[in-house]
Each structure stands twice: as structure tokens, then as C-alpha cells.
>>> print(open('my_file_35.cif').read())   # mmCIF, C-alpha atoms and all ligand atoms
data_input
loop_
_atom_site.label_atom_id
_atom_site.label_comp_id
_atom_site.auth_asym_id
_atom_site.auth_seq_id
_atom_site.Cartn_x
_atom_site.Cartn_y
_atom_site.Cartn_z
CA MET B 40 -10.92 27.88 20.01
CA ILE B 41 -12.74 26.39 17.00
CA LYS B 42 -12.05 27.96 13.58
CA ALA B 43 -13.58 27.14 10.20
CA ILE B 44 -10.74 26.63 7.70
CA LYS B 45 -10.93 26.02 3.95
CA THR B 46 -9.73 22.50 3.19
CA THR B 47 -7.22 23.90 0.67
CA ASP B 48 -5.63 25.85 3.58
CA LEU B 49 -5.32 22.86 5.91
CA LYS B 50 -1.88 22.03 7.29
CA ILE B 51 -0.21 19.00 8.84
CA GLY B 52 -0.49 19.38 12.62
CA MET B 53 -4.05 20.79 12.63
CA TYR B 54 -6.67 18.99 14.69
CA ILE B 55 -9.72 18.81 12.46
CA MET B 56 -13.38 18.05 13.11
CA LEU B 57 -15.09 16.76 9.99
CA PRO B 58 -18.66 17.90 9.42
CA HIS B 59 -20.17 14.55 8.44
CA ALA B 60 -20.77 11.13 9.87
CA TRP B 61 -18.61 8.20 8.72
CA LYS B 62 -20.49 7.44 5.53
CA ALA B 63 -19.86 10.85 4.00
CA HIS B 64 -16.07 10.77 4.31
CA PRO B 65 -13.31 8.18 4.10
CA PHE B 66 -12.04 8.42 7.69
CA LEU B 67 -12.89 6.26 10.61
CA ARG B 68 -13.10 9.16 13.05
CA ASN B 69 -14.66 12.58 12.69
CA SER B 70 -11.97 14.35 14.73
CA PHE B 71 -8.25 13.75 14.46
CA LEU B 72 -4.84 15.31 14.03
CA LEU B 73 -3.69 15.74 10.43
CA GLU B 74 -0.43 13.82 10.06
CA SER B 75 0.10 13.67 6.32
CA ARG B 76 -0.45 15.60 3.09
CA ARG B 77 -2.35 12.55 1.85
CA GLN B 78 -5.04 12.99 4.53
CA ILE B 79 -5.54 16.60 3.43
CA GLN B 80 -5.74 15.58 -0.23
CA LYS B 81 -8.25 12.89 0.65
CA ILE B 82 -10.52 15.45 2.37
CA ILE B 83 -10.29 17.78 -0.65
CA ASN B 84 -10.97 14.87 -3.05
CA TYR B 85 -14.14 14.06 -1.14
CA GLY B 86 -15.48 17.49 -2.04
CA ILE B 87 -15.40 18.80 1.55
CA GLU B 88 -14.79 22.55 1.22
CA SER B 89 -14.21 23.64 4.78
CA VAL B 90 -13.77 22.02 8.18
CA ASN B 91 -13.67 23.15 11.77
CA VAL B 92 -10.22 23.12 13.33
CA ASP B 93 -9.73 22.90 17.09
CA MET B 94 -6.82 25.32 17.50
CA ASP B 95 -6.21 24.27 21.14
CA LYS B 96 -5.66 20.65 20.17
CA SER B 97 -3.66 21.57 17.04
CA GLU B 98 0.13 21.40 17.01
CA ILE B 99 0.44 24.30 14.58
CA ALA B 100 -1.08 27.80 14.50
CA ASP B 101 -3.00 28.76 11.37
CA ASP B 102 -0.57 31.58 10.54
CA THR B 103 2.61 29.44 10.69
CA PRO B 104 3.96 28.20 7.35
CA PRO B 105 2.93 24.65 6.40
CA MET B 106 5.18 21.77 7.38
CA VAL B 107 6.10 18.98 5.02
CA TYR B 108 5.69 15.50 6.41
CA GLN B 109 9.43 15.00 7.07
CA GLU B 110 9.50 18.16 9.18
CA TYR B 111 6.45 17.05 11.13
CA LEU B 112 8.03 13.63 11.61
CA SER B 113 11.28 15.01 13.01
CA ARG B 114 9.38 17.37 15.35
CA GLN B 115 7.37 14.42 16.66
CA GLN B 116 10.56 12.38 17.01
CA GLU B 117 12.16 15.23 18.97
CA LYS B 118 9.17 15.12 21.28
CA GLN B 119 9.63 11.32 21.30
CA LYS B 120 6.07 11.03 20.08
CA LYS B 121 5.09 7.95 18.15
CA ILE B 122 3.50 8.49 14.75
CA ASN B 123 0.14 6.84 14.53
CA ILE B 124 0.44 4.40 11.67
CA VAL B 125 -3.28 3.64 11.80
CA THR B 126 -3.22 -0.11 12.32
CA ALA B 127 -5.73 0.15 15.18
CA GLU B 128 -8.20 1.80 12.79
CA ILE B 129 -7.75 -1.04 10.30
CA ARG B 130 -8.58 -3.57 13.00
CA GLU B 131 -11.65 -1.56 14.01
CA ILE B 132 -12.93 -1.46 10.43
CA VAL B 133 -12.21 -5.16 9.88
CA ASN B 134 -14.15 -6.07 13.03
CA ASP B 135 -17.11 -3.79 12.31
CA THR B 136 -19.93 -6.22 11.55
CA LYS B 137 -22.40 -3.49 10.54
CA MET B 138 -20.36 -1.87 7.78
CA ALA B 139 -21.46 -2.69 4.21
CA PRO B 140 -18.84 -4.71 2.26
CA GLN B 141 -18.20 -1.98 -0.32
CA THR B 142 -17.74 0.69 2.36
CA LYS B 143 -15.53 -1.67 4.34
CA ALA B 144 -13.36 -2.37 1.29
CA GLU B 145 -12.94 1.35 0.60
CA ALA B 146 -12.18 2.17 4.23
CA VAL B 147 -9.64 -0.64 4.60
CA HIS B 148 -8.00 0.40 1.36
CA TRP B 149 -7.63 4.06 2.35
CA GLN B 150 -6.41 3.28 5.85
CA SER B 151 -3.90 0.83 4.38
CA VAL B 152 -2.56 3.48 2.00
CA ASP B 153 -2.06 5.83 4.97
CA MET B 154 -0.37 3.03 6.90
CA MET B 155 2.06 2.36 4.03
CA SER B 156 2.73 6.07 3.52
CA ASN B 157 3.65 6.44 7.18
CA LEU B 158 5.80 3.32 7.11
CA PHE B 159 7.72 4.41 4.00
CA HIS B 160 8.55 7.68 5.76
CA ASN B 161 9.81 5.85 8.82
CA PRO B 162 10.58 2.15 8.16
CA SER B 163 11.74 1.36 11.71
CA ALA B 164 11.58 -2.18 13.08
CA GLU B 165 8.85 -0.99 15.44
CA ASN B 166 6.73 0.36 12.58
CA ILE B 167 7.30 -2.76 10.49
CA ALA B 168 6.03 -4.83 13.44
CA GLU B 169 2.97 -2.59 13.62
CA VAL B 170 2.26 -2.88 9.90
CA LYS B 171 2.48 -6.64 10.30
CA GLN B 172 -0.34 -6.35 12.86
CA GLY B 173 -2.46 -4.19 10.57
CA VAL B 174 -1.92 -6.49 7.60
CA GLY B 175 -2.87 -9.45 9.83
CA GLY B 176 -6.35 -7.92 10.14
CA ILE B 177 -6.59 -7.55 6.36
CA VAL B 178 -5.48 -11.17 5.88
CA ASP B 179 -8.25 -12.37 8.21
CA LEU B 180 -10.74 -10.22 6.30
CA ILE B 181 -9.71 -11.60 2.90
CA LEU B 182 -9.72 -15.19 4.15
CA LYS B 183 -13.13 -14.99 5.80
CA ASP B 184 -15.20 -12.30 4.10
CA ASN B 185 -15.68 -13.07 0.39
CA ASP B 186 -18.07 -10.13 -0.13
CA THR B 187 -15.58 -7.51 1.04
CA GLU B 188 -12.82 -9.34 -0.85
CA HIS B 189 -14.89 -8.99 -4.02
CA TYR B 190 -14.89 -5.18 -3.67
CA LEU B 191 -11.25 -5.03 -2.58
CA LEU B 192 -10.27 -6.71 -5.86
CA ARG B 193 -12.26 -4.24 -7.90
CA LEU B 194 -11.35 -0.94 -6.24
CA ASN B 195 -10.24 1.48 -8.87
CA SER B 196 -7.59 3.46 -7.10
CA HIS B 197 -5.13 3.47 -9.91
CA ASP B 198 -3.49 6.83 -9.53
CA TYR B 199 -0.01 5.56 -9.12
CA ASP B 200 2.19 6.09 -6.13
CA THR B 201 4.32 3.66 -4.20
CA TYR B 202 1.90 3.49 -1.26
CA ILE B 203 -1.23 2.86 -3.35
CA HIS B 204 0.72 0.33 -5.41
CA SER B 205 1.93 -1.46 -2.25
CA VAL B 206 -1.64 -1.80 -1.02
CA ASN B 207 -3.06 -2.87 -4.41
CA VAL B 208 -0.36 -5.52 -4.83
CA GLY B 209 -0.77 -6.60 -1.19
CA MET B 210 -4.51 -7.14 -1.58
CA LEU B 211 -4.30 -8.79 -5.04
CA SER B 212 -1.47 -11.10 -3.96
CA LEU B 213 -3.33 -12.14 -0.82
CA SER B 214 -6.43 -13.09 -2.79
CA LEU B 215 -4.29 -14.94 -5.31
CA ALA B 216 -2.48 -16.76 -2.48
CA LYS B 217 -5.89 -17.71 -1.06
CA ALA B 218 -6.84 -19.20 -4.46
CA VAL B 219 -3.49 -20.91 -5.15
CA LEU B 220 -2.32 -22.22 -1.78
CA THR B 221 -4.89 -24.87 -1.04
CA LYS B 222 -3.48 -26.05 2.29
CA LYS B 223 -3.60 -22.67 4.05
CA ASP B 224 -2.61 -24.11 7.42
CA LYS B 225 0.78 -24.99 5.93
CA HIS B 226 1.40 -21.33 5.20
CA ASP B 227 1.68 -18.48 7.67
CA MET B 228 -0.81 -16.22 5.90
CA HIS B 229 -0.16 -13.27 8.24
CA ALA B 230 3.58 -13.34 7.52
CA LEU B 231 2.82 -13.81 3.84
CA GLY B 232 0.52 -10.78 3.82
CA ALA B 233 3.24 -8.63 5.39
CA GLY B 234 5.68 -9.72 2.66
CA PHE B 235 3.20 -8.80 -0.08
CA PHE B 236 2.43 -5.35 1.35
CA LEU B 237 6.14 -4.67 1.92
CA HIS B 238 7.35 -5.99 -1.46
CA ASP B 239 8.61 -2.53 -2.54
CA ILE B 240 9.97 -1.39 0.85
CA GLY B 241 13.48 -1.25 -0.70
CA LYS B 242 12.35 1.86 -2.59
CA VAL B 243 12.81 3.86 0.65
CA ASN B 244 16.54 3.76 -0.16
CA ILE B 245 16.15 5.15 -3.68
CA GLN B 246 16.20 8.88 -4.40
CA GLU B 247 12.80 10.53 -4.69
CA ALA B 248 13.87 12.01 -8.07
CA ILE B 249 14.04 8.50 -9.56
CA ILE B 250 10.90 7.15 -7.85
CA GLN B 251 8.81 10.19 -8.84
CA LYS B 252 10.34 10.81 -12.27
CA PRO B 253 7.50 11.82 -14.59
CA GLY B 254 8.93 9.94 -17.55
CA LYS B 255 10.86 6.85 -18.52
CA LEU B 256 14.03 6.11 -16.58
CA THR B 257 17.51 6.29 -18.12
CA GLU B 258 19.69 3.16 -18.11
CA GLU B 259 21.64 4.47 -15.08
CA GLU B 260 18.42 5.19 -13.20
CA TRP B 261 17.15 1.70 -14.02
CA ALA B 262 20.37 0.24 -12.61
CA VAL B 263 19.59 1.99 -9.30
CA MET B 264 15.92 0.98 -9.42
CA ARG B 265 16.83 -2.67 -9.95
CA LYS B 266 18.51 -2.68 -6.54
CA HIS B 267 15.25 -2.22 -4.62
CA PRO B 268 14.45 -5.96 -4.17
CA SER B 269 17.86 -6.66 -2.58
CA MET B 270 17.75 -3.47 -0.51
CA GLY B 271 14.24 -4.33 0.75
CA PHE B 272 15.35 -7.86 1.59
CA LYS B 273 18.25 -6.51 3.63
CA LEU B 274 16.12 -3.87 5.36
CA LEU B 275 13.65 -6.54 6.49
CA HIS B 276 16.47 -8.90 7.45
CA ASP B 277 17.98 -6.22 9.70
CA ALA B 278 14.58 -5.31 11.19
CA ARG B 279 14.07 -8.98 12.18
CA GLN B 280 10.29 -8.71 11.98
CA ILE B 281 9.46 -10.76 8.88
CA SER B 282 10.08 -14.47 8.29
CA GLU B 283 12.72 -15.66 5.79
CA GLU B 284 10.07 -17.03 3.40
CA SER B 285 8.17 -13.75 3.35
CA ARG B 286 11.37 -11.83 2.74
CA LEU B 287 11.77 -13.90 -0.43
CA ILE B 288 8.69 -12.11 -1.78
CA VAL B 289 10.59 -8.84 -1.52
CA LEU B 290 13.71 -10.30 -3.12
CA GLN B 291 12.00 -12.21 -5.93
CA HIS B 292 8.99 -10.16 -7.03
CA HIS B 293 10.80 -8.97 -10.17
CA GLU B 294 12.11 -12.41 -11.16
CA ARG B 295 10.42 -13.86 -14.24
CA ASP B 296 9.73 -17.51 -15.11
CA ASN B 297 11.70 -17.23 -18.38
CA GLY B 298 14.80 -15.91 -16.60
CA THR B 299 14.55 -12.30 -17.80
CA GLY B 300 13.86 -10.80 -14.37
CA TYR B 301 16.10 -9.31 -11.69
CA PRO B 302 18.11 -9.29 -9.45
CA LYS B 303 19.22 -12.92 -9.95
CA ARG B 304 17.67 -13.91 -13.32
CA MET B 305 16.12 -16.95 -11.64
CA LYS B 306 13.98 -19.31 -13.70
CA GLY B 307 10.78 -21.33 -13.17
CA ASN B 308 10.78 -23.36 -9.98
CA GLU B 309 13.89 -21.59 -8.69
CA ILE B 310 11.48 -18.77 -7.83
CA HIS B 311 9.46 -19.36 -4.67
CA VAL B 312 5.72 -19.68 -5.19
CA TYR B 313 5.23 -16.56 -3.01
CA GLY B 314 7.49 -14.55 -5.32
CA ARG B 315 5.64 -15.89 -8.39
CA ILE B 316 2.29 -14.86 -6.92
CA CYS B 317 3.53 -11.36 -6.13
CA SER B 318 5.10 -10.86 -9.58
CA ILE B 319 1.72 -11.39 -11.30
CA ALA B 320 -0.09 -8.94 -9.02
CA ASP B 321 2.80 -6.46 -9.39
CA VAL B 322 2.79 -6.49 -13.21
CA PHE B 323 -1.01 -6.29 -13.33
CA ASP B 324 -1.14 -3.26 -11.05
CA ALA B 325 1.65 -1.52 -12.96
CA LEU B 326 -0.24 -2.00 -16.24
CA ALA B 327 -3.60 -1.05 -14.76
CA SER B 328 -2.27 2.15 -13.13
CA LYS B 329 -2.03 5.59 -14.58
CA ARG B 330 1.54 6.90 -14.81
CA PRO B 331 2.70 10.32 -15.95
CA TYR B 332 3.80 8.75 -19.26
CA LYS B 333 0.96 6.28 -19.80
CA GLN B 334 -2.78 5.93 -19.42
CA MET B 335 -4.30 3.35 -17.12
CA LEU B 336 -5.62 0.17 -18.75
CA LYS B 337 -8.89 -1.52 -17.90
CA PRO B 338 -8.38 -4.80 -15.99
CA PHE B 339 -9.22 -6.97 -19.02
CA GLU B 340 -6.82 -4.96 -21.21
CA ALA B 341 -4.01 -5.44 -18.69
CA LEU B 342 -4.75 -9.18 -18.49
CA LYS B 343 -4.81 -9.38 -22.31
CA ILE B 344 -1.31 -7.88 -22.55
CA MET B 345 -0.06 -10.23 -19.84
CA LYS B 346 -1.54 -13.22 -21.69
CA GLU B 347 -0.50 -12.27 -25.20
CA GLN B 348 2.89 -10.68 -24.63
CA MET B 349 4.16 -11.89 -21.26
CA LEU B 350 2.80 -15.35 -20.63
CA ASP B 351 6.25 -16.94 -20.32
CA HIS B 352 7.03 -14.44 -17.53
CA PHE B 353 4.62 -16.18 -15.18
CA GLN B 354 3.76 -19.63 -13.89
CA LYS B 355 0.84 -20.62 -16.12
CA GLU B 356 -1.50 -22.16 -13.51
CA ILE B 357 -1.04 -19.25 -11.10
CA PHE B 358 -1.73 -16.78 -13.91
CA GLU B 359 -4.91 -18.67 -14.87
CA LYS B 360 -6.11 -18.49 -11.25
CA PHE B 361 -5.42 -14.75 -11.30
CA VAL B 362 -7.55 -14.28 -14.43
CA LEU B 363 -10.42 -16.20 -12.77
CA LEU B 364 -10.11 -14.02 -9.69
CA LEU B 365 -10.77 -10.83 -11.66
CA LYS B 366 -13.61 -12.16 -13.81
FE FE R 1 9.11 -3.67 -7.11
#
>>> encode(input="my_file_35.cif", output="C-alpha cells", more="lines below")
Ligand SMILES: [Fe+2]
Amino acid sequence: MIKAIKTTDLKIGMYIMLPHAWKAHPFLRNSFLLESRRQIQKIINYGIESVNVDMDKSEIADDTPPMVYQEYLSRQQEKQKKINIVTAEIREIVNDTKMAPQTKAEAVHWQSVDMMSNLFHNPSAENIAEVKQGVGGIVDLILKDNDTEHYLLRLNSHDYDTYIHSVNVGMLSLSLAKAVLTKKDKHDMHALGAGFFLHDIGKVNIQEAIIQKPGKLTEEEWAVMRKHPSMGFKLLHDARQISEESRLIVLQHHERDNGTGYPKRMKGNEIHVYGRICSIADVFDALASKRPYKQMLKPFEALKIMKEQMLDHFQKEIFEKFVLLLK
């Protein structure tokens, strides 16, 4: 049975059929099962007011109370069903030769945010391996397709959450790595990309109340927050999916050239070039994003603060390459 449902009444577990072709909405397919709150929000944000729902293919009736993602996840796990973490869609978009660069950039970005959201809810070794695959497609895109890369660097999705931030930093770091690491064949760019996208994976072990706090953190909360690089490093070590060098990105992305960073207060060349690349992208995205307690800055304003107030935090030549990238 097909039922028209207002998008504000959609629930995780409904099988929806979107009314438009690809260009009018940010999903690769017109019909699919809703697996996250983010997908529903995305449909609402696109101004779609109602959609048809195939009740026979849905996993929830329209009169049952809505599930939160965790509940949906545990139901699927009970049924031993694998959550689709959308890496196949990313590959399809990357390989679509007819899609305009701007559309491609937007589609890859949104699918990547979904991928990271799903991974953060279930950071199993299997899912990390799958994200590595999806990121591999994005790496190939950034290395070969300068037009799409141009739009990826300028996407303004600066509402802050950990998943959007992971994707922004992943994309920015990859482009910066492309500009900085001249002998690309000496670097495993796929492994590197995975490290950049997963730089904040340690936050899965930090309470939601601290991650989502709509204000500045207390000193105790900061002490917990500062553990996320080491926790992420360990999580990836135990999952055995990411190379040692790429794990250093996770461990070192909050180290600063002048020794004021964490967790180890490393200085200058003690910090791996991968970690130094990621730290620049990470600070830029934090400054350029809207937070509950601060407005977002325009890219040039964020770069100005980095140059005037934080220059000794970064390796100078890498920072200069970053500025050129965003010009
Ligand atoms: Fe971080």
C-alpha cells in the first residue's frame, strides 16, 4: 500500500519514494529505506513537503511511535541485518561521468556525511573497512577531477556536527595533501584519506552531553575531550583496518608546532606531516563553522585569524599552501 506522508511525520524504518528525479533532491536513489534522522532532515531541508511511503516495504507502521537511530540499529542487529553505510552510492556518484561537477561535489559531500554518521553509531572493524572503501573513491576523485575538487573545497555546509566536520576536514586535508605531498606514489593516498576522515573517531567514546554541549566546556569536560585523539588511535589500532602512519593523523591532529597542543605537546618536526596537514584543516573548519556559542566566519576571516593569531601553531609552508588552495 502506498501512502502520502508529510515529511515532518516521516520515521526511521519507512520506505520512501521521492517525487523528483535526482537533480531535485540530494539522494542518489528515488526510493529507499529511511535509516537515519539526518536523511529525514535532509528531505525537509530540501523543501519537499510530502512523499509517498510504500507501507509494504517499510519496517515500521505509520501509527507506531518513532524510533531513534540507536533503537533502529539494535533492531537491525537483532535481525543480523547490516546497516547500509552508503559507500556503494559514493562510488556510483564518483564514477558518474555525466554529473556536473557542482552536483557531484554536493552529492559526494552529503553521502559522505551519512556514511560518517552511520560509522560513528557503529564503529565496528567491518564498518571502518567499508568507510575506507568509500573514502578511496573520494581520494580518486580529488586526485583526478580538479573541477569537482574546486566545488568540494567551497561547499558551505558549516552547520557544525561531528559528521559534517569529519567530512569537511577529510576533504580539505586530502586537497592539502595533494598540494603538499609532491611524490604521491610514495604515499598511500587511500590510507591517508581514511585517516583524515576518521580523525575524530575517538569522540565515539565521549559522552553525548559533552560533544553536544551548547556552550563552552568546563575544565573537567575539556580534560575528557582531550582524550579523543588517543582513544581514536586505540580504536583504530584494535580494528586493524588502518595503517600505522594514518593512525598518527588521529593521534596528532591536535598537536601544534609551538608545543601547545595535545595529547603529547609535540613540537615542529616531531609531528608527522600528515598530522600537521590535518591540524590546519581541523582548525580552519572549526573557525569557519557555526557553533551554538559562535557565528560562522567567512573563509578569509578564518584564514586571517589563523595567520595573525595562530601562525606558530602550524608549519608555515603547509599553511601557505592551504591559503592558496582556498583562494
Ligand atoms: Fe579532534
>>> atom_distance(input="my_file_35.cif", atom1="atom CA of Asn166 of chain B", atom2="atom CA of Leu213 of chain B")
20.9 Å
>>> closest_residue(input="my_file_35.cif", among="B:Ala218, B:Ile288, B:Leu191, B:Ile357", to="ligand FE 1 (chain R)", atoms="all atoms listed in the file")
B:Ile288
>>> atom_distance(input="my_file_35.cif", atom1="atom CA of Ala233 of chain B", atom2="atom CA of Ser151 of chain B")
11.9 Å
>>> closest_residue(input="my_file_35.cif", among="B:Val289, B:Leu342, B:Leu158, B:Met349", to="ligand FE 1 (chain R)", atoms="only C-alpha atoms and all ligand atoms")
B:Val289
>>> residues_near_point(input="my_file_35.cif", point="(-5.2, -2.1, 11.1)", cutoff="10 Å", atoms="only C-alpha atoms", output="mmCIF file with C-alpha atoms, in the frame of the given file")
data_model
loop_
_atom_site.group_PDB
_atom_site.id
_atom_site.type_symbol
_atom_site.label_atom_id
_atom_site.label_comp_id
_atom_site.auth_asym_id
_atom_site.auth_seq_id
_atom_site.Cartn_x
_atom_site.Cartn_y
_atom_site.Cartn_z
ATOM 1 C CA ILE B 124 0.440 4.400 11.670
ATOM 2 C CA VAL B 125 -3.280 3.640 11.800
ATOM 3 C CA THR B 126 -3.220 -0.110 12.320
ATOM 4 C CA ALA B 127 -5.730 0.150 15.180
ATOM 5 C CA GLU B 128 -8.200 1.800 12.790
ATOM 6 C CA ILE B 129 -7.750 -1.040 10.300
ATOM 7 C CA ARG B 130 -8.580 -3.570 13.000
ATOM 8 C CA GLU B 131 -11.650 -1.560 14.010
ATOM 9 C CA ILE B 132 -12.930 -1.460 10.430
ATOM 10 C CA VAL B 133 -12.210 -5.160 9.880
ATOM 11 C CA ASN B 134 -14.150 -6.070 13.030
ATOM 12 C CA VAL B 147 -9.640 -0.640 4.600
ATOM 13 C CA GLN B 150 -6.410 3.280 5.850
ATOM 14 C CA SER B 151 -3.900 0.830 4.380
ATOM 15 C CA MET B 154 -0.370 3.030 6.900
ATOM 16 C CA GLU B 169 2.970 -2.590 13.620
ATOM 17 C CA VAL B 170 2.260 -2.880 9.900
ATOM 18 C CA LYS B 171 2.480 -6.640 10.300
ATOM 19 C CA GLN B 172 -0.340 -6.350 12.860
ATOM 20 C CA GLY B 173 -2.460 -4.190 10.570
ATOM 21 C CA VAL B 174 -1.920 -6.490 7.600
ATOM 22 C CA GLY B 175 -2.870 -9.450 9.830
ATOM 23 C CA GLY B 176 -6.350 -7.920 10.140
ATOM 24 C CA ILE B 177 -6.590 -7.550 6.360
#
>>> residues_near_ligand(input="my_file_35.cif", ligand="ligand FE 1 (chain R)", cutoff="7 Å", atoms="all atoms listed in the file", output="tab-separated table (two decimals) with C-alpha atoms, in the frame of the given file")
chain	number	residue	atom	x	y	z
B	238	HIS	CA	7.35	-5.99	-1.46
B	239	ASP	CA	8.61	-2.53	-2.54
B	267	HIS	CA	15.25	-2.22	-4.62
B	268	PRO	CA	14.45	-5.96	-4.17
B	292	HIS	CA	8.99	-10.16	-7.03
B	293	HIS	CA	10.80	-8.97	-10.17
>>> closest_residue(input="my_file_35.cif", among="B:Lys45, B:Arg315, B:Lys333, B:Arg265", to="Lys242 of chain B", atoms="all atoms listed in the file")
B:Arg265
>>> residues_around(input="my_file_35.cif", residues="Asp95 of chain B", least_positions_apart="5", cutoff="10 Å", atoms="only C-alpha atoms", output="ChimeraX atom specification")
/B:40-41,53-54,100
>>> closest_residue(input="my_file_35.cif", among="B:Asn297, B:Ser89, B:Gln78, B:Gln354", to="Leu57 of chain B", atoms="only C-alpha atoms")
B:Ser89
>>> atom_distance(input="my_file_35.cif", atom1="atom CA of Asp200 of chain B", atom2="atom CA of Val362 of chain B")
24.1 Å
>>> residues_around(input="my_file_35.cif", residues="Ala230 of chain B", least_positions_apart="4", cutoff="9 Å", atoms="all atoms listed in the file", output="number ranges by chain")
B: 171, 174-175, 226, 234-235, 281-282, 284-285
>>> residues_around(input="my_file_35.cif", residues="segment 180-188 of chain B", least_positions_apart="6", cutoff="8 Å", atoms="all atoms listed in the file", output="list in words")
Val133, Pro140, Gln141, Lys143, Ala144, Leu213, Ser214 and Lys217 of chain B
>>> closest_residue(input="my_file_35.cif", among="B:Met264, B:Glu258, B:Leu231, B:Ile245", to="Tyr313 of chain B", atoms="all atoms listed in the file")
B:Leu231
>>> closest_residue(input="my_file_35.cif", among="B:Ala146, B:Ile249, B:Ile87, B:Leu211", to="Val322 of chain B", atoms="only C-alpha atoms")
B:Leu211
>>> residues_around(input="my_file_35.cif", residues="Lys96 of chain B", least_positions_apart="2", cutoff="12 Å", atoms="all atoms listed in the file", output="number ranges by chain")
B: 40-42, 52-56, 70-73, 91-94, 98-100
>>> residues_near_point(input="my_file_35.cif", point="(-12.8, -11.2, -10.8)", cutoff="8 Å", atoms="only C-alpha atoms", output="VMD selection string")
chain B and resid 189 192 to 193 362 to 366
